[in-house]
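Q: Pasting structure_21.txt below, which is compact mmCIF, C-alpha atoms.
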# COMPACT_ATOMS: atom_id res chain seq x y z
CA MET A 34 0.00 0.00 0.00
CA ALA A 35 1.82 3.07 -1.23
CA ILE A 36 1.81 6.16 0.96
CA PRO A 37 0.19 9.05 -0.94
CA ILE A 38 2.32 12.14 -1.56
CA LEU A 39 0.53 15.40 -2.43
CA LYS A 40 2.22 18.35 -4.08
CA GLN A 41 1.14 21.88 -3.22
CA GLY A 42 3.43 24.52 -4.67
CA ALA A 43 6.89 23.99 -3.20
CA VAL A 44 5.50 21.69 -0.52
CA LEU A 45 5.24 17.91 -0.59
CA ILE A 46 2.83 16.38 1.89
CA ALA A 47 3.05 12.69 2.73
CA SER A 48 0.18 11.30 4.74
CA LEU A 49 0.97 8.04 6.46
CA GLN A 50 -1.98 5.71 6.78
CA ALA A 51 -2.45 3.46 9.78
CA ALA A 52 0.12 0.68 10.10
CA PRO A 53 2.50 1.13 7.19
CA THR A 54 4.88 -1.79 6.71
CA ASP A 55 8.66 -1.38 6.61
CA ARG A 56 8.44 -1.68 2.84
CA ASP A 57 5.89 1.16 2.63
CA LEU A 58 8.26 3.40 4.58
CA ILE A 59 11.24 2.55 2.39
CA GLN A 60 9.12 3.23 -0.68
CA LEU A 61 8.12 6.60 0.81
CA LYS A 62 11.79 7.46 1.29
CA ASP A 63 12.58 6.65 -2.35
CA GLU A 64 9.54 8.46 -3.73
CA LEU A 65 10.17 11.60 -1.69
CA ALA A 66 13.79 11.72 -2.81
CA ASP A 67 12.61 11.41 -6.39
CA LYS A 68 9.81 13.98 -6.13
CA ILE A 69 11.92 16.59 -4.33
CA GLY A 70 14.27 16.60 -7.32
CA HIS A 71 11.49 16.53 -9.87
CA PHE A 72 9.35 19.30 -8.37
CA ARG A 73 12.22 21.27 -6.78
CA SER A 74 10.31 21.14 -3.50
CA ARG A 75 11.51 23.18 -0.55
CA ILE A 76 9.37 21.73 2.20
CA VAL A 77 8.34 18.18 3.04
CA ALA A 78 5.61 17.60 5.61
CA ILE A 79 5.06 14.07 6.86
CA ASP A 80 1.80 13.54 8.70
CA VAL A 81 2.02 10.62 11.15
CA SER A 82 -1.19 11.35 13.07
CA ALA A 83 -2.77 8.07 11.92
CA LEU A 84 0.06 5.97 13.36
CA ASP A 85 -0.53 4.14 16.62
CA VAL A 86 3.05 2.87 16.79
CA MET A 87 6.35 4.54 15.90
CA ASP A 88 8.95 1.89 16.52
CA SER A 89 12.70 2.10 15.96
CA PHE A 90 12.44 1.29 12.27
CA ALA A 91 9.78 3.90 11.51
CA THR A 92 11.68 6.52 13.50
CA ARG A 93 14.99 5.70 11.86
CA THR A 94 13.41 5.88 8.40
CA LEU A 95 11.74 9.23 9.09
CA ARG A 96 14.99 10.55 10.49
CA GLY A 97 16.80 9.36 7.36
CA ILE A 98 14.23 11.08 5.15
CA ALA A 99 14.59 14.35 7.06
CA HIS A 100 18.38 14.32 6.90
CA ALA A 101 18.48 13.33 3.24
CA THR A 102 15.95 15.99 2.20
CA LYS A 103 18.05 18.55 4.07
CA LEU A 104 21.06 17.55 1.98
CA ARG A 105 18.88 18.05 -1.10
CA GLY A 106 18.02 21.59 0.00
CA ALA A 107 14.56 21.00 1.44
CA ASN A 108 13.31 21.04 5.02
CA THR A 109 11.17 18.33 6.57
CA VAL A 110 8.62 18.68 9.31
CA ILE A 111 7.02 15.68 10.99
CA VAL A 112 3.56 16.45 12.23
CA GLY A 113 0.94 14.81 14.41
CA ILE A 114 2.86 12.42 16.65
CA GLN A 115 0.17 11.15 19.04
CA PRO A 116 0.71 11.64 22.81
CA ASP A 117 0.86 7.90 23.59
CA VAL A 118 3.20 7.35 20.66
CA ALA A 119 5.48 10.16 21.85
CA PHE A 120 5.56 8.60 25.31
CA ALA A 121 6.44 5.15 23.92
CA MET A 122 9.19 6.65 21.75
CA VAL A 123 10.77 8.27 24.80
CA GLN A 124 10.65 4.99 26.73
CA LEU A 125 12.20 3.18 23.81
CA GLY A 126 14.99 5.75 23.64
CA LEU A 127 14.06 7.15 20.23
CA THR A 128 14.68 10.77 19.39
CA LEU A 129 14.13 13.02 16.42
CA ASP A 130 16.96 15.37 17.34
CA GLY A 131 17.43 18.20 14.90
CA ILE A 132 14.20 17.44 13.10
CA GLU A 133 11.26 19.84 13.07
CA THR A 134 8.03 18.52 14.55
CA ALA A 135 4.64 20.14 14.97
CA LEU A 136 1.29 19.33 16.47
CA ASP A 137 -0.56 19.21 13.16
CA LEU A 138 -0.20 19.95 9.47
CA ASP A 139 -1.38 23.58 9.71
CA GLU A 140 1.12 24.42 12.40
CA GLY A 141 3.87 22.47 10.67
CA LEU A 142 3.41 24.30 7.39
CA ALA A 143 3.12 27.68 9.10
CA ARG A 144 6.42 27.03 10.84
CA MET A 145 8.18 26.07 7.62
CA ARG A 146 6.94 29.03 5.55
CA PRO A 147 9.70 31.28 4.24
CA GLN A 148 10.56 34.19 6.52
CA PRO A 149 11.25 37.77 5.36
CA ASP A 150 14.99 37.17 5.75
CA GLY A 151 14.85 34.55 3.04
CA GLY A 152 15.26 31.51 5.23
CA THR A 153 12.54 29.40 6.75
CA SER A 154 11.62 29.30 10.38
CA GLY A 155 12.65 25.65 10.20
CA ASP A 156 16.28 26.70 9.67
CA ARG A 157 16.93 27.46 13.32
CA MET B 248 -5.37 -22.33 21.39
CA THR B 249 -8.34 -20.51 22.83
CA ALA B 250 -9.51 -17.02 21.96
CA ASP B 251 -7.38 -15.85 24.89
CA ALA B 252 -4.25 -16.87 23.08
CA THR B 253 -3.06 -16.39 19.57
CA ARG B 254 0.01 -17.17 17.50
CA VAL B 255 1.31 -14.99 14.70
CA ALA B 256 3.82 -16.52 12.30
CA ILE B 257 6.53 -14.00 11.49
CA THR B 258 8.16 -14.34 8.11
CA ARG B 259 8.03 -10.89 6.48
CA ASP B 260 7.70 -7.26 7.44
CA GLY B 261 3.89 -7.26 7.02
CA ASP B 262 3.68 -9.83 9.82
CA ILE B 263 5.23 -7.30 12.21
CA VAL B 264 2.19 -5.09 11.76
CA GLU B 265 -0.16 -8.04 12.26
CA ALA B 266 1.62 -9.15 15.45
CA ARG B 267 1.40 -5.74 17.06
CA GLN B 268 -2.24 -5.30 16.07
CA LYS B 269 -3.15 -8.70 17.52
CA GLY B 270 -1.21 -7.82 20.66
CA ARG B 271 -3.05 -4.54 21.01
CA GLU B 272 -6.41 -6.32 20.58
CA LEU B 273 -5.61 -8.90 23.25
CA ALA B 274 -4.26 -6.24 25.62
CA GLN B 275 -7.47 -4.29 25.16
CA GLN B 276 -9.47 -7.44 25.90
CA ILE B 277 -7.46 -7.90 29.11
CA GLY B 278 -8.35 -4.36 30.12
CA PHE B 279 -5.27 -2.32 29.25
CA THR B 280 -5.98 1.21 28.10
CA GLY B 281 -4.34 4.25 26.57
CA SER B 282 -0.58 4.49 26.63
CA ASP B 283 -0.12 0.91 27.88
CA LEU B 284 -1.62 -0.36 24.62
CA THR B 285 0.89 1.69 22.66
CA LEU B 286 3.82 0.50 24.81
CA ILE B 287 2.80 -3.15 24.37
CA ALA B 288 2.28 -2.79 20.61
CA THR B 289 5.63 -1.04 20.23
CA ALA B 290 7.52 -3.72 22.18
CA ILE B 291 5.90 -6.44 20.06
CA SER B 292 6.89 -4.54 16.94
CA GLU B 293 10.53 -4.50 18.05
CA VAL B 294 10.81 -8.21 18.90
CA ALA B 295 8.91 -9.17 15.74
CA ARG B 296 11.30 -7.12 13.63
CA ASN B 297 14.26 -8.81 15.32
CA ILE B 298 12.87 -12.14 14.08
CA VAL B 299 12.51 -10.87 10.49
CA VAL B 300 15.93 -9.19 10.43
CA TYR B 301 18.06 -11.78 12.25
CA ALA B 302 16.29 -15.13 12.00
CA GLY B 303 14.11 -14.84 8.89
CA HIS B 304 11.15 -16.56 10.49
CA GLY B 305 9.65 -17.41 13.83
CA ASP B 306 6.48 -17.06 15.90
CA ILE B 307 4.96 -14.67 18.37
CA ASP B 308 2.59 -16.14 20.95
CA LEU B 309 0.26 -13.75 22.71
CA SER B 310 -1.68 -14.83 25.78
CA ILE B 311 -3.03 -13.76 29.14
CA ALA B 312 -0.63 -13.84 32.07
CA GLU B 313 -1.79 -14.37 35.65
CA LYS B 314 0.16 -14.09 38.90
CA ASN B 315 -1.08 -13.47 42.45
CA GLY B 316 -4.45 -12.29 41.19
CA LYS B 317 -2.83 -9.87 38.78
CA ARG B 318 -3.58 -10.06 35.07
CA GLY B 319 -1.42 -9.06 32.22
CA ILE B 320 -0.24 -9.92 28.76
CA LEU B 321 2.40 -12.52 27.94
CA VAL B 322 4.37 -12.16 24.74
CA VAL B 323 6.69 -14.97 23.65
CA ALA B 324 8.80 -14.38 20.55
CA ARG B 325 10.58 -17.50 19.34
CA ASP B 326 12.86 -18.19 16.43
CA GLU B 327 15.35 -20.82 15.36
CA GLY B 328 17.76 -18.35 13.83
CA PRO B 329 21.49 -17.94 14.38
CA GLY B 330 21.10 -16.92 18.04
CA ILE B 331 22.82 -14.10 19.88
CA PRO B 332 26.48 -14.72 20.78
CA ASP B 333 26.65 -12.02 23.46
CA ILE B 334 23.30 -11.32 25.10
CA GLU B 335 24.70 -8.80 27.56
CA ARG B 336 26.01 -6.76 24.67
CA ALA B 337 22.78 -7.12 22.69
CA MET B 338 20.89 -5.74 25.67
CA ARG B 339 22.99 -2.60 25.67
CA ASP B 340 21.55 0.51 24.03
CA GLY B 341 23.04 1.27 20.66
CA TYR B 342 24.48 -2.16 19.96
CA SER B 343 23.31 -3.64 16.68
CA THR B 344 24.62 -6.05 14.09
CA GLY B 345 21.64 -5.55 11.83
CA ASN B 346 22.01 -1.97 10.67
CA SER B 347 19.43 -0.68 13.12
CA LEU B 348 19.55 1.68 16.06
CA GLY B 349 20.20 -1.22 18.41
CA LEU B 350 17.32 -0.16 20.61
CA GLY B 351 14.98 -3.06 19.89
CA LEU B 352 15.79 -5.39 22.78
CA PRO B 353 16.87 -2.92 25.50
CA GLY B 354 14.02 -0.62 24.44
CA SER B 355 11.46 -3.41 24.66
CA ARG B 356 12.69 -4.25 28.13
CA ARG B 357 11.96 -0.67 29.18
CA LEU B 358 8.47 -0.78 27.67
CA MET B 359 7.42 -3.97 29.45
CA ASP B 360 7.45 -5.06 33.13
CA ASP B 361 9.19 -8.44 32.76
CA PHE B 362 11.71 -9.29 30.11
CA GLU B 363 13.65 -12.52 29.73
CA ILE B 364 15.83 -13.57 26.86
CA ASP B 365 17.27 -16.96 26.13
CA SER B 366 19.52 -17.52 23.17
CA ALA B 367 21.97 -20.10 21.97
CA VAL B 368 24.19 -19.75 18.94
CA GLY B 369 22.89 -21.99 16.18
CA ARG B 370 19.70 -22.81 18.04
CA GLY B 371 17.75 -19.60 18.11
CA THR B 372 16.35 -17.03 20.45
CA THR B 373 13.33 -16.81 22.74
CA VAL B 374 12.18 -13.55 24.25
CA ILE B 375 9.53 -13.62 26.99
CA MET B 376 7.88 -10.34 27.96
CA ARG B 377 5.02 -9.54 30.31
CA LYS B 378 3.19 -6.39 31.18
CA TRP B 379 0.91 -6.31 34.21
CA LYS B 380 -2.24 -4.31 34.52
CA ALA B 381 -1.86 -1.55 37.06
Represent the structure from my file as structure tokens, please.
A:
Amino acid sequence: MAIPILKQGAVLIASLQAAPTDRDLIQLKDELADKIGHFRSRIVAIDVSALDVMDSFATRTLRGIAHATKLRGANTVIVGIQPDVAFAMVQLGLTLDGIETALDLDEGLARMRPQPDGGTSGDR
Amino acid sequence: MTADATRVAITRDGDIVEARQKGRELAQQIGFTGSDLTLIATAISEVARNIVVYAGHGDIDLSIAEKNGKRGILVVARDEGPGIPDIERAMRDGYSTGNSLGLGLPGSRRLMDDFEIDSAVGRGTTVIMRKWKA
């Protein structure tokens, strides 16, 4: 089951459905890398609000996506991590250090919008 | 096996999702709620992935645990893979031979109440985890 990726201007939005398999996540990584180049996207938003589990593999893959998109000149924001999921990630020892996160898609996109100084607020 | 117990065969990454969903269902049936369900499902996800990555195939048995009037969930992950040569090292955060974060086993131990691991090189690995209802 492929994870849908929507394009809106310079923004790519990936919406994870409930319970993606490892293969779905790897496919998302490949497709995002491809689409960023194709559409010259500047911002990638990954919505994980439908996920009831973020285990070490999912976290590592999302972290890899965020770091790789950064190297390609785009910023990634991960939005919608559920409270219970966040708690389990902390217990497991998983972090998303250096990666932008936001409560929901609206807030995530607002945070990543270009600032008057030419950067994005995600560049902190 | 009764409806209180279920076995999930683990052979590919899709089975990881099935195992954690079945685990969540059983935990819910036992009376776990909220964040406990997420902790249990996440721990099952980690041990199931260990089977896929290191052993190729195995089983996860999910059942009800009972001790001194307490109820909980029992998760037994069993494989006949290569086994773990150095369990102490494998239980340390950040140690991995499988290109992962190395948090699967030590992380799962933190998520659950009881955690036992038995492994022999060439004979496979069994992980037994329990979480008790508060």
Q: Excluding Met338 in chain B and its own-chain neighbours fewer than 6 positions away, which residues fall within 12 Å of it when counting only C-alpha atoms? Please give them as a list of chain:residue names.
A: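 That gives B:Ile331, B:Pro332, B:Gly349, B:Leu350, B:Gly351, B:Leu352, B:Pro353, B:Gly354, B:Ser355, B:Arg356, B:Arg357, B:Phe362, B:Glu363, B:Ile364, B:Asp365, B:Val374.
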Q: Pull out every residue of chain A sitting within 10 Å of chain B, counting only C-alpha atoms, and send them as a PyMOL selection string.
A: chain A and resi 51-57+85-90+92-93+116-127
Q: What separation in Å, quoted to one decimal, exists between CA of Asp137 in chain A and CA of Val81 in chain A?
A: 9.2 Å
Q: Which residues are near Trp379 in chain B? Cut-off 9 Å, only C-alpha atoms, ignore same chain within fewer than 5 positions. Put them as a PyMOL selection string.
A: chain B and resi 279+312-313+317-321+359-361
Q: Show which residues sit within 12 Å of His71 in chain A, as a list in words. Count all atoms listed in the file, and ignore same-chain residues fewer than 5 positions away.
A: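 Residues meeting the cut-off are Lys40, Ala43, Leu45, Glu64, Leu65, Ala66 and Arg105 of chain A.
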Q: For CA of His100 in chain A and CA of Lys62 in chain A, quote the distance in Å rounded to one decimal.
A: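 It comes out at 11.0 Å.
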Q: I'd like the contact shell of range 298-306 of chain B - 7 Å cut-off, all atoms listed in the file, skipping same-chain residues fewer than 4 positions apart - returned as a list in words.
A: Arg254, Val255, Ala256, Ile257, Thr258, Arg259, Asp260, Val294, Ala324, Arg325, Asp326, Glu327, Gly328, Pro329 and Gly345 of chain B
Q: When distances are computed from all atoms listed in the file, which of A:Ile69, A:Ala83, A:Val44, A:Leu129 shows the smallest separation from Leu142 in chain A?
A: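 Under the stated criterion, the closest residue is A:Val44.
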Q: One number please: CA of Gly131 in chain A to CA of Pro37 in chain A, in Å, one decimal.
A: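 CA of Gly131 in chain A sits 25.1 Å away from CA of Pro37 in chain A.
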Q: I'd like to know which of B:Ala295, B:Thr372, B:Gly330, B:Ala266 is closest to Thr253 in chain B, using only C-alpha atoms.
A: B:Ala266
Q: With all atoms listed in the file as the counted atoms, please give the residues lying no more than 7 Å from range 74-79 of chain A, apart from itself and same-chain residues fewer than 6 positions off, as an mmCIF file with C-alpha atoms, in the frame of the given file.
A:
data_model
loop_
_atom_site.group_PDB
_atom_site.id
_atom_site.type_symbol
_atom_site.label_atom_id
_atom_site.label_comp_id
_atom_site.auth_asym_id
_atom_site.auth_seq_id
_atom_site.Cartn_x
_atom_site.Cartn_y
_atom_site.Cartn_z
ATOM 1 C CA ALA A 43 6.890 23.990 -3.200
ATOM 2 C CA VAL A 44 5.500 21.690 -0.520
ATOM 3 C CA LEU A 45 5.240 17.910 -0.590
ATOM 4 C CA ILE A 46 2.830 16.380 1.890
ATOM 5 C CA ALA A 47 3.050 12.690 2.730
ATOM 6 C CA SER A 48 0.180 11.300 4.740
ATOM 7 C CA GLY A 106 18.020 21.590 0.000
ATOM 8 C CA ALA A 107 14.560 21.000 1.440
ATOM 9 C CA ASN A 108 13.310 21.040 5.020
ATOM 10 C CA THR A 109 11.170 18.330 6.570
ATOM 11 C CA VAL A 110 8.620 18.680 9.310
ATOM 12 C CA ILE A 111 7.020 15.680 10.990
ATOM 13 C CA VAL A 112 3.560 16.450 12.230
#
Q: For Ala135 in chain A, which residue among A:Ser82, A:Lys68, A:Gly42, A:Thr102 is the nearest when counting all atoms listed in the file?
A: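 The answer is A:Ser82, which sits nearest to Ala135 in chain A.
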